[in-house]
$ cat structure09.cif   # mmCIF, C-alpha atoms
data_query
loop_
_atom_site.label_atom_id
_atom_site.label_comp_id
_atom_site.auth_asym_id
_atom_site.auth_seq_id
_atom_site.Cartn_x
_atom_site.Cartn_y
_atom_site.Cartn_z
CA MET A 1382 140.46 264.49 -49.01
CA GLY A 1383 137.35 262.38 -48.81
CA LEU A 1384 137.28 258.67 -48.10
CA ASP A 1385 135.26 257.51 -51.05
CA SER A 1386 135.17 253.72 -50.82
CA GLY A 1387 131.89 253.16 -52.59
CA HIS A 1388 129.96 253.50 -49.35
CA PRO A 1389 128.58 256.71 -47.80
CA GLU A 1390 130.78 258.03 -45.02
CA ARG A 1391 130.42 261.06 -42.83
CA VAL A 1392 132.66 263.65 -41.27
CA THR A 1393 130.84 265.67 -38.65
CA LEU A 1394 132.41 268.70 -37.03
CA PHE A 1395 131.38 269.77 -33.53
CA ALA A 1396 132.14 273.34 -32.42
CA ASP A 1397 130.62 275.01 -29.34
CA GLY A 1398 128.20 272.10 -28.98
CA LYS A 1399 126.86 272.47 -32.52
CA ALA A 1400 127.29 269.94 -35.32
CA THR A 1401 128.14 270.55 -38.97
CA ASP A 1402 127.96 267.76 -41.54
CA LEU A 1403 130.96 268.06 -43.87
CA GLY A 1404 130.25 264.97 -45.95
CA GLY A 1405 133.61 263.31 -46.69
CA ASP A 1406 135.75 266.46 -46.36
CA LEU A 1407 138.31 265.16 -43.89
CA ALA A 1408 140.96 267.80 -44.61
CA GLY A 1409 138.46 270.63 -44.20
CA ALA A 1410 137.18 269.15 -40.96
CA LEU A 1411 140.66 268.94 -39.47
CA GLU A 1412 141.50 272.50 -40.47
CA LEU A 1413 138.28 273.79 -38.94
CA ALA A 1414 138.85 271.69 -35.82
CA LYS A 1415 142.24 273.31 -35.28
CA ALA A 1416 141.02 276.82 -36.08
CA GLU A 1417 137.88 276.72 -33.95
CA ARG A 1418 139.05 274.40 -31.18
CA ALA A 1419 136.43 271.93 -32.32
CA TRP A 1420 136.52 268.18 -32.84
CA ALA A 1421 135.58 265.87 -35.69
CA TRP A 1422 133.65 262.59 -35.82
CA ILE A 1423 134.98 260.58 -38.77
CA GLU A 1424 133.08 257.52 -40.01
CA VAL A 1425 134.81 255.05 -42.32
CA LEU A 1426 133.77 251.68 -43.69
CA SER A 1427 136.24 250.22 -46.22
CA PRO A 1428 139.14 252.59 -46.85
CA THR A 1429 141.85 251.61 -49.30
CA ASP A 1430 145.51 251.25 -48.30
CA GLU A 1431 146.17 254.76 -49.58
CA GLN A 1432 143.32 256.18 -47.54
CA TRP A 1433 144.48 254.36 -44.42
CA HIS A 1434 147.95 255.82 -44.97
CA HIS A 1435 146.46 259.28 -45.33
CA LEU A 1436 144.47 258.88 -42.10
CA THR A 1437 147.44 257.50 -40.20
CA SER A 1438 149.84 260.23 -41.26
CA THR A 1439 147.37 263.10 -40.97
CA LEU A 1440 146.07 262.21 -37.52
CA ALA A 1441 149.25 260.56 -36.21
CA LEU A 1442 147.37 257.33 -35.50
CA ASN A 1443 149.09 254.45 -33.79
CA ARG A 1444 149.97 251.83 -36.39
CA LEU A 1445 149.13 248.87 -34.14
CA ALA A 1446 145.62 250.21 -33.60
CA VAL A 1447 145.26 250.88 -37.32
CA GLU A 1448 146.25 247.28 -38.08
CA ASP A 1449 143.54 246.09 -35.69
CA MET A 1450 140.98 248.34 -37.39
CA ARG A 1451 141.94 247.04 -40.81
CA GLU A 1452 141.88 243.37 -39.88
CA GLN A 1453 138.75 243.51 -37.72
CA GLU A 1454 137.58 240.39 -35.82
CA GLN A 1455 139.05 241.78 -32.60
CA ARG A 1456 137.86 240.99 -29.09
CA THR A 1457 136.08 243.57 -26.98
CA LYS A 1458 138.85 245.71 -25.52
CA LEU A 1459 140.28 249.13 -24.72
CA ASP A 1460 143.94 249.78 -25.62
CA ARG A 1461 145.88 252.94 -24.81
CA TYR A 1462 148.46 254.48 -27.10
CA GLY A 1463 149.83 257.54 -25.35
CA GLN A 1464 147.31 260.33 -25.91
CA HIS A 1465 145.12 258.08 -28.04
CA ALA A 1466 142.97 255.06 -27.25
CA PHE A 1467 141.39 252.31 -29.27
CA MET A 1468 138.13 250.53 -28.36
CA VAL A 1469 136.47 247.53 -29.94
CA LEU A 1470 132.77 246.96 -29.33
CA HIS A 1471 130.43 244.28 -30.66
CA PRO A 1472 126.86 245.38 -31.39
CA ALA A 1473 124.48 242.43 -31.31
CA ARG A 1474 121.18 241.47 -32.87
CA TYR A 1475 119.03 238.38 -32.37
CA ASP A 1476 117.40 236.42 -35.18
CA ASP A 1477 114.47 234.76 -33.47
CA ALA A 1478 113.57 232.56 -36.44
CA ALA A 1479 117.07 231.08 -36.69
CA GLU A 1480 117.73 231.44 -32.94
CA GLU A 1481 121.11 233.00 -33.65
CA VAL A 1482 122.98 235.94 -32.15
CA SER A 1483 124.52 238.12 -34.85
CA LEU A 1484 127.59 240.02 -33.65
CA GLY A 1485 128.97 242.99 -35.54
CA GLU A 1486 132.12 244.95 -34.84
CA LEU A 1487 132.57 248.64 -34.17
CA ASP A 1488 136.12 249.97 -33.84
CA ILE A 1489 136.53 253.35 -32.15
CA TYR A 1490 139.72 255.37 -32.24
CA LEU A 1491 139.71 258.38 -29.90
CA GLY A 1492 142.05 261.36 -30.08
CA ARG A 1493 142.00 264.71 -28.37
CA ASP A 1494 140.15 266.43 -31.20
CA PHE A 1495 138.80 263.59 -33.30
CA LEU A 1496 136.97 260.28 -33.10
CA ILE A 1497 137.11 257.62 -35.82
CA THR A 1498 134.57 254.82 -36.12
CA ARG A 1499 135.08 251.82 -38.36
CA ARG A 1500 132.33 249.21 -38.57
CA SER A 1501 132.14 245.81 -40.19
CA PRO A 1502 129.94 245.56 -43.32
CA THR A 1503 127.21 243.76 -41.36
CA THR A 1504 127.12 246.37 -38.59
CA PRO A 1505 124.61 249.23 -38.96
CA PRO A 1506 126.11 252.74 -38.90
CA PRO A 1507 126.12 254.43 -35.48
CA THR A 1508 123.48 256.91 -36.59
CA GLU A 1509 121.53 256.91 -33.31
CA ALA A 1510 124.63 257.71 -31.26
CA LEU A 1511 125.62 260.48 -33.68
CA GLU A 1512 122.16 262.02 -33.59
CA ARG A 1513 122.19 261.82 -29.81
CA VAL A 1514 125.45 263.77 -29.62
CA LYS A 1515 124.12 266.28 -32.14
CA ALA A 1516 120.99 266.81 -30.05
CA SER A 1517 122.85 267.10 -26.72
CA THR A 1518 125.05 270.14 -26.14
CA ALA A 1519 126.33 268.53 -22.94
CA LEU A 1520 127.62 265.46 -24.82
CA ALA A 1521 128.98 267.50 -27.72
CA THR A 1522 130.99 269.74 -25.40
CA LEU A 1523 132.53 266.65 -23.80
CA GLY A 1524 134.25 266.10 -27.14
CA PRO A 1525 135.30 262.64 -28.33
CA ARG A 1526 134.74 261.46 -24.77
CA GLY A 1527 131.03 262.28 -25.01
CA ALA A 1528 130.80 260.55 -28.37
CA GLY A 1529 132.61 257.52 -26.95
CA TYR A 1530 130.06 257.36 -24.15
CA ALA A 1531 127.16 257.64 -26.63
CA LEU A 1532 128.55 254.76 -28.67
CA LEU A 1533 129.09 252.61 -25.58
CA ASP A 1534 125.58 253.34 -24.31
CA ASP A 1535 124.04 252.65 -27.72
CA VAL A 1536 125.79 249.28 -28.03
CA VAL A 1537 124.94 248.20 -24.47
CA ASP A 1538 121.31 249.29 -24.87
CA GLY A 1539 121.15 247.15 -28.00
CA TYR A 1540 121.93 244.07 -25.91
CA GLN A 1541 118.55 244.15 -24.14
CA PRO A 1542 116.49 242.99 -27.19
CA VAL A 1543 118.99 240.13 -27.56
CA LEU A 1544 118.39 239.11 -23.95
CA ASP A 1545 114.63 239.32 -24.45
CA GLY A 1546 114.79 237.09 -27.52
CA LEU A 1547 116.98 234.54 -25.78
CA ALA A 1548 114.74 234.56 -22.68
CA GLU A 1549 111.66 233.87 -24.81
CA ASP A 1550 113.32 230.88 -26.48
CA ILE A 1551 114.53 229.55 -23.13
CA ASP A 1552 110.94 229.72 -21.84
CA GLN A 1553 109.83 227.68 -24.86
CA ILE A 1554 112.49 225.10 -24.06
CA ASP A 1555 111.25 224.87 -20.47
CA ASP A 1556 107.76 224.14 -21.77
CA SER A 1557 108.93 221.49 -24.24
CA LEU A 1558 111.18 219.63 -21.81
CA PHE A 1559 108.27 217.85 -20.12
CA SER A 1560 105.85 217.83 -23.04
CA ARG A 1561 107.12 214.53 -24.46
CA SER A 1562 107.65 216.38 -27.72
CA GLU A 1563 109.20 214.51 -30.60
CA ASP A 1564 111.49 217.49 -31.34
CA ASP A 1565 115.17 217.15 -30.51
CA VAL A 1566 115.15 219.46 -27.48
CA ALA A 1567 118.73 218.63 -26.49
CA ALA A 1568 120.08 219.79 -29.86
CA ARG A 1569 118.11 223.04 -29.59
CA ILE A 1570 119.40 223.65 -26.08
CA TYR A 1571 122.99 223.02 -27.15
CA LYS A 1572 122.69 225.40 -30.10
CA LEU A 1573 121.14 228.12 -27.95
CA SER A 1574 123.83 227.61 -25.31
CA ARG A 1575 126.51 228.23 -27.94
CA GLN A 1576 124.76 231.45 -28.98
CA VAL A 1577 124.63 232.65 -25.38
CA GLY A 1578 128.33 231.82 -25.02
CA ARG A 1579 129.19 233.93 -28.08
CA PHE A 1580 127.11 236.77 -26.67
CA GLN A 1581 128.86 236.50 -23.31
CA ARG A 1582 132.30 236.76 -24.92
CA ALA A 1583 131.26 240.09 -26.41
CA VAL A 1584 129.68 241.43 -23.20
CA SER A 1585 131.93 240.22 -20.37
CA PRO A 1586 135.01 242.38 -21.21
CA LEU A 1587 132.89 245.54 -20.99
CA GLU A 1588 133.13 245.47 -17.19
CA THR A 1589 136.92 245.74 -17.32
CA LEU A 1590 136.79 248.27 -20.16
CA LEU A 1591 134.40 250.59 -18.31
CA THR A 1592 136.25 250.17 -15.02
CA ALA A 1593 139.43 251.37 -16.73
CA ALA A 1594 137.58 254.27 -18.33
CA ARG A 1595 136.09 255.36 -15.02
CA LYS A 1596 139.43 254.95 -13.27
CA SER A 1597 140.91 257.44 -15.70
CA LEU A 1598 138.61 260.09 -14.32
CA SER A 1599 140.42 260.05 -10.97
CA GLY A 1600 143.65 261.10 -12.68
CA THR A 1601 145.52 258.11 -11.29
CA ASP A 1602 145.25 256.09 -14.50
CA PRO A 1603 144.80 258.57 -17.34
CA LEU A 1604 143.18 257.01 -20.38
CA LEU A 1605 142.34 258.75 -23.54
CA LEU A 1606 138.73 259.29 -22.50
CA LEU A 1607 140.13 262.29 -20.64
CA GLY A 1608 143.05 263.02 -22.95
CA GLU A 1609 146.25 261.68 -21.39
CA GLY A 1610 148.95 264.31 -21.18
CA GLY A 1611 147.11 266.76 -23.44
CA THR A 1612 144.33 269.28 -23.66
CA ALA A 1613 140.64 268.59 -23.36
CA ALA A 1614 138.36 268.56 -26.38
CA ASP A 1615 137.50 272.23 -25.86
CA GLY A 1616 141.18 273.27 -25.90
CA ARG A 1617 141.54 273.61 -22.15
CA SER A 1618 144.20 271.68 -20.27
CA PRO A 1619 143.12 269.03 -17.78
CA GLU A 1620 142.38 270.39 -14.39
CA ALA A 1621 145.40 271.17 -12.24
CA ASP A 1622 144.35 269.21 -9.19
CA SER A 1623 144.38 265.91 -11.05
CA PRO A 1624 147.79 264.30 -10.45
CA GLY A 1625 149.82 263.06 -13.36
CA TRP A 1626 148.37 265.38 -15.99
CA ALA A 1627 150.56 267.53 -18.23
CA GLU A 1628 150.04 271.25 -18.16
CA ALA A 1629 150.17 271.76 -21.90
CA GLY A 1630 149.15 270.18 -25.16
CA PRO A 1631 151.30 268.67 -27.88
CA GLY A 1632 154.90 269.76 -27.79
CA ALA A 1633 154.90 270.33 -24.04
CA GLY A 1634 157.56 268.96 -21.76
CA PRO A 1635 157.08 266.05 -19.35
CA ALA A 1636 153.89 266.01 -17.33
CA THR A 1637 154.20 267.50 -13.90
CA ALA A 1638 151.80 267.59 -11.00
CA ALA A 1639 150.24 271.01 -10.66
CA THR A 1640 150.40 272.91 -7.39
CA PRO A 1641 147.86 275.46 -6.16
CA ASP A 1642 148.78 279.01 -7.12
CA PRO A 1643 147.21 281.74 -4.96
CA ALA A 1644 147.83 284.22 -7.74
CA ARG A 1645 146.12 282.11 -10.40
CA PRO A 1646 143.63 284.17 -12.47
CA THR A 1647 139.97 283.81 -11.74
CA GLY A 1648 139.39 282.61 -15.32
CA ASP A 1649 141.62 279.58 -14.78
CA ALA A 1650 139.73 278.72 -11.62
CA ALA A 1651 136.46 278.96 -13.52
CA ARG A 1652 137.78 276.73 -16.28
CA GLY A 1653 139.00 274.26 -13.67
CA GLY A 1654 135.55 274.18 -12.12
CA GLU A 1655 133.95 273.63 -15.52
CA HIS A 1656 136.35 270.77 -16.19
CA ARG A 1657 135.46 269.18 -12.87
CA ARG A 1658 131.80 269.39 -13.70
CA ARG A 1659 132.37 267.79 -17.07
CA ARG A 1660 134.46 265.07 -15.52
CA ALA A 1661 131.76 264.39 -12.94
CA LEU A 1662 129.15 264.22 -15.71
CA LEU A 1663 131.19 261.77 -17.78
CA GLU A 1664 131.95 259.64 -14.73
CA ALA A 1665 128.22 259.44 -13.93
CA LEU A 1666 127.38 258.56 -17.53
CA LEU A 1667 130.00 255.83 -17.67
CA ARG A 1668 128.86 254.46 -14.32
CA ASP A 1669 125.33 254.15 -15.69
CA VAL A 1670 126.59 252.26 -18.75
CA GLN A 1671 128.74 250.04 -16.55
CA ASP A 1672 125.77 249.17 -14.32
CA HIS A 1673 123.75 248.28 -17.39
CA ALA A 1674 126.59 246.21 -18.85
CA ARG A 1675 127.00 244.43 -15.52
CA ARG A 1676 123.30 243.51 -15.47
CA VAL A 1677 123.47 242.27 -19.05
CA ASP A 1678 126.51 240.13 -18.27
CA ALA A 1679 124.87 238.70 -15.15
CA HIS A 1680 121.69 237.92 -17.06
CA ALA A 1681 123.65 236.23 -19.84
CA ALA A 1682 125.61 234.17 -17.30
CA GLU A 1683 122.34 233.14 -15.66
CA MET A 1684 120.96 232.10 -19.05
CA HIS A 1685 124.06 230.05 -19.78
CA SER A 1686 123.72 228.30 -16.42
CA THR A 1687 120.01 227.69 -17.04
CA LEU A 1688 120.73 226.17 -20.44
CA SER A 1689 123.48 223.97 -18.99
CA ASN A 1690 121.05 222.65 -16.38
CA ALA A 1691 118.36 222.26 -19.04
CA LEU A 1692 120.75 220.26 -21.22
CA SER A 1693 121.57 217.95 -18.30
CA LEU A 1694 117.88 217.56 -17.56
CA ALA A 1695 117.09 216.90 -21.24
CA MET A 1696 119.73 214.18 -21.36
CA THR A 1697 118.37 212.64 -18.15
CA LEU A 1698 114.81 212.70 -19.47
CA ALA A 1699 115.97 211.24 -22.78
CA SER A 1700 117.70 208.43 -20.90
CA GLU A 1701 114.58 207.80 -18.83
CA ARG A 1702 112.43 207.72 -21.96
CA ALA A 1703 114.84 205.28 -23.59
CA THR A 1704 114.64 203.09 -20.50
CA GLU A 1705 110.85 203.26 -20.55
CA ILE A 1706 110.80 202.29 -24.21
CA SER A 1707 113.16 199.41 -23.52
CA LEU A 1708 110.97 198.19 -20.67
CA GLU A 1709 107.87 198.48 -22.78
CA GLN A 1710 109.52 196.53 -25.56
CA SER A 1711 110.56 193.90 -23.04
CA VAL A 1712 106.97 193.56 -21.80
CA GLN A 1713 105.66 193.23 -25.34
CA ALA A 1714 108.34 190.67 -26.13
CA LYS A 1715 107.26 188.61 -23.10
CA LYS A 1716 103.65 188.72 -24.21
CA VAL A 1717 104.49 187.67 -27.74
CA SER A 1718 106.75 184.88 -26.49
CA SER A 1719 104.08 183.65 -24.05
CA TRP A 1720 101.35 183.44 -26.68
CA ALA A 1721 103.77 181.84 -29.11
CA ALA A 1722 104.54 179.14 -26.51
CA ILE A 1723 100.84 178.57 -25.78
CA PHE A 1724 99.94 178.14 -29.45
CA ALA A 1725 102.99 175.98 -30.05
CA VAL A 1726 101.66 173.17 -27.81
CA PRO A 1727 98.47 172.32 -29.80
CA THR A 1728 100.46 172.80 -32.99
CA VAL A 1729 102.99 170.20 -31.92
CA LEU A 1730 100.34 167.77 -30.67
CA ALA A 1731 98.24 168.18 -33.80
CA GLY A 1732 101.32 167.63 -35.90
CA VAL A 1733 102.12 164.41 -34.07
CA TRP A 1734 98.59 163.03 -34.20
CA GLY A 1735 98.15 164.17 -37.76
CA MET A 1736 100.94 162.00 -39.07
CA ASN A 1737 99.58 159.29 -41.37
CA PHE A 1738 101.16 156.27 -39.75
CA ARG A 1739 99.31 152.99 -39.95
CA PHE A 1740 99.81 151.97 -36.35
CA MET A 1741 98.97 154.78 -33.89
CA PRO A 1742 97.32 154.61 -30.48
CA GLU A 1743 93.70 155.58 -30.06
CA LEU A 1744 92.98 155.28 -33.78
CA GLU A 1745 90.24 152.79 -33.09
CA GLN A 1746 88.97 154.44 -29.90
CA ALA A 1747 85.86 156.60 -29.94
CA TRP A 1748 87.23 158.86 -27.27
CA GLY A 1749 90.54 159.44 -29.07
CA TYR A 1750 89.60 162.69 -30.80
CA PRO A 1751 88.01 164.34 -27.71
CA ALA A 1752 90.96 163.19 -25.61
CA ALA A 1753 93.40 164.84 -28.01
CA LEU A 1754 91.50 168.13 -27.94
CA ALA A 1755 91.22 167.98 -24.15
CA THR A 1756 94.97 167.42 -23.87
CA MET A 1757 95.69 170.41 -26.07
CA ALA A 1758 93.30 172.63 -24.11
CA ALA A 1759 94.75 171.54 -20.78
CA ALA A 1760 98.28 172.24 -21.95
CA CYS A 1761 97.30 175.70 -23.20
CA VAL A 1762 95.47 176.60 -20.00
CA GLY A 1763 98.41 175.38 -17.91
CA LEU A 1764 100.87 177.49 -19.85
CA TYR A 1765 98.58 180.54 -19.70
CA ALA A 1766 98.29 180.21 -15.91
CA ALA A 1767 102.07 179.86 -15.55
CA PHE A 1768 102.82 182.94 -17.67
CA LYS A 1769 100.10 184.97 -15.96
CA LYS A 1770 101.58 184.14 -12.57
CA ARG A 1771 104.93 185.55 -13.71
CA ASN A 1772 103.26 188.72 -15.14
CA TRP A 1773 104.23 187.86 -18.66
CA LEU A 1774 100.57 188.17 -19.71
#

$ encode --input "structure09.cif" --output "structure tokens"
Amino acid sequence: MGLDSGHPERVTLFADGKATDLGGDLAGALELAKAERAWAWIEVLSPTDEQWHHLTSTLALNRLAVEDMREQEQRTKLDRYGQHAFMVLHPARYDDAAEEVSLGELDIYLGRDFLITRRSPTTPPPTEALERVKASTALATLGPRGAGYALLDDVVDGYQPVLDGLAEDIDQIDDSLFSRSEDDVAARIYKLSRQVGRFQRAVSPLETLLTAARKSLSGTDPLLLLGEGGTAADGRSPEADSPGWAEAGPGAGPATAATPDPARPTGDAARGGEHRRRRALLEALLRDVQDHARRVDAHAAEMHSTLSNALSLAMTLASERATEISLEQSVQAKKVSSWAAIFAVPTVLAGVWGMNFRFMPELEQAWGYPAALATMAAACVGLYAAFKKRNWL
């Protein structure tokens, strides 16, 4: 039964490290997986309720995990459901023109012989990770665990361009802080800080997720990445020297710790050694992804701190500029007031002497007009000297 939802979906079968594209033939992939001890990578986008029911019943999926996959908008996490596990990752892209971080969602359901990926409509298909597993026999033979690693690594690697874009914009903000630009730098810083915060919320949980995945490799906390209580992707049971693992696959009794058997066949010992090598490989791969995720998280935290400091500095500079403007306006107001006072004196005197009264002093004196002008000039000079002394002019 295919999952035809109007969007192309793929079912890829991996057997002996080789991949076969089966289109949307889910039933055929599962039959081949059981017959050839292979595993299937199932990609879905928008299944209907009937198709979800078919997936859930056919693969014995956990209903809580399926509800999360159907609703989407989940946080970055890793949940365990017995022999299955459910991961939520958030691929990210950066729109430099809009200065926005675009977060998608990639849900990953891992079983012992299958892996299901469900992405949001805005998230690109995990083609690069799929092609990487197809091209690597080592990853393909790790089963769904290898594919889970490839998806994790692909998502974490995609965070670096986001960091580069954010770093470039932060450098531009540093340059504009002291440039006396008319742009609203504080608003830009605040917006960018919110974008970094969204990015951090997607990245920070990866440390815990990968720590749990790596811890499962020791056998003390078995997660699905190694197939809790069941067989490995190649049909072999987990190695006997790992405590807490069951000796058989589905239908077996309670898990019991294995004890060394001197009479154990050489083939079992060889398979145990191969399993140890695969476990060591997966642990090294996950450690590399974890180191990368840790660096990304640290860089994002540093950016958030830088932006917080930049916002504080921008507000301080804005306050200083407002104070400078206020002082400048005060100086200009003093100058205007001083000149207004100086010109007011001759205006008042001229207005008084210009009144057409019949009896006024100095009307008959020859020195009356020069005396009036001299009085006005003296008053103006006196006021100018007084304002200049007080630095108003």

$ closest_residue --input "structure09.cif" --among "A:Glu1481, A:Glu1655, A:Asp1406, A:Glu1424" --to "Leu1547 of chain A" --atoms "all atoms listed in the file"
A:Glu1481

$ resolve_selection --input "structure09.cif" --expression "the PyMOL selection byres ((chain A and resi 1405) around 6)" --output "MDAnalysis selection string"
chainID A and resid 1383 1391:1392 1404 1406:1407

$ closest_atom_pairs --input "structure09.cif" --of "segment 1700-1751 of chain A" --to "segment 1755-1761 of chain A" --cutoff "10 Å" --atoms "only C-alpha atoms" --output "CSV"
residue,atom,partner,partner_atom,distance
A:Trp1720,CA,A:Cys1761,CA,9.4
A:Ala1722,CA,A:Cys1761,CA,8.7
A:Ile1723,CA,A:Cys1761,CA,5.2
A:Phe1724,CA,A:Cys1761,CA,7.2
A:Ala1725,CA,A:Cys1761,CA,8.9
A:Val1726,CA,A:Met1757,CA,6.8
A:Pro1727,CA,A:Met1757,CA,5.0
A:Thr1728,CA,A:Met1757,CA,8.7
A:Val1729,CA,A:Met1757,CA,9.4
A:Leu1730,CA,A:Met1757,CA,7.1
A:Ala1731,CA,A:Met1757,CA,8.4
A:Gly1749,CA,A:Ala1755,CA,9.9
A:Tyr1750,CA,A:Ala1755,CA,8.7
A:Pro1751,CA,A:Ala1755,CA,6.0

$ residues_around --input "structure09.cif" --residues "Asp1477 of chain A" --least-positions-apart "3" --cutoff "10 Å" --atoms "all atoms listed in the file" --output "PyMOL selection string"
chain A and resi 1474+1480-1482+1543+1546-1547+1549-1550

$ atom_distance --input "structure09.cif" --atom1 "atom CA of Glu1664 of chain A" --atom2 "atom CA of Ala1681 of chain A"
25.4 Å

$ residues_near_point --input "structure09.cif" --point "(131.4, 247.6, -26.3)" --cutoff "8 Å" --atoms "all atoms listed in the file" --output "ChimeraX atom specification"
/A:1457-1458,1468-1472,1533,1536-1537,1583-1584,1587

$ write_last_selection --input "structure09.cif" --atoms "C-alpha atoms" --output "tab-separated table (two decimals), in the frame of the given file"
chain	number	residue	atom	x	y	z
A	1457	THR	CA	136.08	243.57	-26.98
A	1458	LYS	CA	138.85	245.71	-25.52
A	1468	MET	CA	138.13	250.53	-28.36
A	1469	VAL	CA	136.47	247.53	-29.94
A	1470	LEU	CA	132.77	246.96	-29.33
A	1471	HIS	CA	130.43	244.28	-30.66
A	1472	PRO	CA	126.86	245.38	-31.39
A	1533	LEU	CA	129.09	252.61	-25.58
A	1536	VAL	CA	125.79	249.28	-28.03
A	1537	VAL	CA	124.94	248.20	-24.47
A	1583	ALA	CA	131.26	240.09	-26.41
A	1584	VAL	CA	129.68	241.43	-23.20
A	1587	LEU	CA	132.89	245.54	-20.99

$ closest_residue --input "structure09.cif" --among "A:Glu1701, A:Ile1706, A:Ile1497, A:Phe1580" --to "Gln1541 of chain A" --atoms "all atoms listed in the file"
A:Phe1580

$ closest_residue --input "structure09.cif" --among "A:Ala1419, A:Asp1534, A:Asp1494, A:Leu1413" --to "Ala1510 of chain A" --atoms "only C-alpha atoms"
A:Asp1534

$ atom_distance --input "structure09.cif" --atom1 "atom CA of Pro1542 of chain A" --atom2 "atom CA of Val1670 of chain A"
16.1 Å

$ resolve_selection --input "structure09.cif" --expression "the PyMOL selection byres ((chain A and resi 1436-1448) around 12)" --output "number ranges by chain"
A: 1382-1384, 1407-1408, 1410-1412, 1415, 1421, 1423-1425, 1428-1435, 1449-1455, 1458-1469, 1488-1499, 1631

$ build_atoms --input "structure09.cif" --residues "segment 1427-1438 of chain A" --atoms "N, CA and C atoms" --output "PDB file, in the coordinates of the input"
ATOM      1  N   SER A1427     135.260 251.076 -45.533  1.00  0.00           N
ATOM      2  CA  SER A1427     136.240 250.220 -46.220  1.00  0.00           C
ATOM      3  C   SER A1427     137.278 251.064 -46.932  1.00  0.00           C
ATOM      4  N   PRO A1428     138.115 251.763 -46.199  1.00  0.00           N
ATOM      5  CA  PRO A1428     139.140 252.590 -46.850  1.00  0.00           C
ATOM      6  C   PRO A1428     140.177 251.725 -47.564  1.00  0.00           C
ATOM      7  N   THR A1429     140.756 252.281 -48.595  1.00  0.00           N
ATOM      8  CA  THR A1429     141.850 251.610 -49.300  1.00  0.00           C
ATOM      9  C   THR A1429     143.149 251.790 -48.505  1.00  0.00           C
ATOM     10  N   ASP A1430     144.205 251.109 -48.967  1.00  0.00           N
ATOM     11  CA  ASP A1430     145.510 251.250 -48.300  1.00  0.00           C
ATOM     12  C   ASP A1430     145.980 252.704 -48.332  1.00  0.00           C
ATOM     13  N   GLU A1431     145.755 253.357 -49.459  1.00  0.00           N
ATOM     14  CA  GLU A1431     146.170 254.760 -49.580  1.00  0.00           C
ATOM     15  C   GLU A1431     145.414 255.646 -48.598  1.00  0.00           C
ATOM     16  N   GLN A1432     144.126 255.365 -48.458  1.00  0.00           N
ATOM     17  CA  GLN A1432     143.320 256.180 -47.540  1.00  0.00           C
ATOM     18  C   GLN A1432     143.697 255.904 -46.088  1.00  0.00           C
ATOM     19  N   TRP A1433     144.026 254.661 -45.777  1.00  0.00           N
ATOM     20  CA  TRP A1433     144.480 254.360 -44.420  1.00  0.00           C
ATOM     21  C   TRP A1433     145.800 255.104 -44.152  1.00  0.00           C
ATOM     22  N   HIS A1434     146.670 255.110 -45.136  1.00  0.00           N
ATOM     23  CA  HIS A1434     147.950 255.820 -44.970  1.00  0.00           C
ATOM     24  C   HIS A1434     147.708 257.304 -44.748  1.00  0.00           C
ATOM     25  N   HIS A1435     146.772 257.867 -45.488  1.00  0.00           N
ATOM     26  CA  HIS A1435     146.460 259.280 -45.330  1.00  0.00           C
ATOM     27  C   HIS A1435     145.922 259.568 -43.923  1.00  0.00           C
ATOM     28  N   LEU A1436     145.009 258.704 -43.448  1.00  0.00           N
ATOM     29  CA  LEU A1436     144.470 258.880 -42.100  1.00  0.00           C
ATOM     30  C   LEU A1436     145.564 258.763 -41.045  1.00  0.00           C
ATOM     31  N   THR A1437     146.388 257.742 -41.205  1.00  0.00           N
ATOM     32  CA  THR A1437     147.440 257.500 -40.200  1.00  0.00           C
ATOM     33  C   THR A1437     148.423 258.650 -40.117  1.00  0.00           C
ATOM     34  N   SER A1438     148.846 259.152 -41.263  1.00  0.00           N
ATOM     35  CA  SER A1438     149.840 260.230 -41.260  1.00  0.00           C
ATOM     36  C   SER A1438     149.228 261.560 -40.854  1.00  0.00           C
TER      37      SER A1438
END
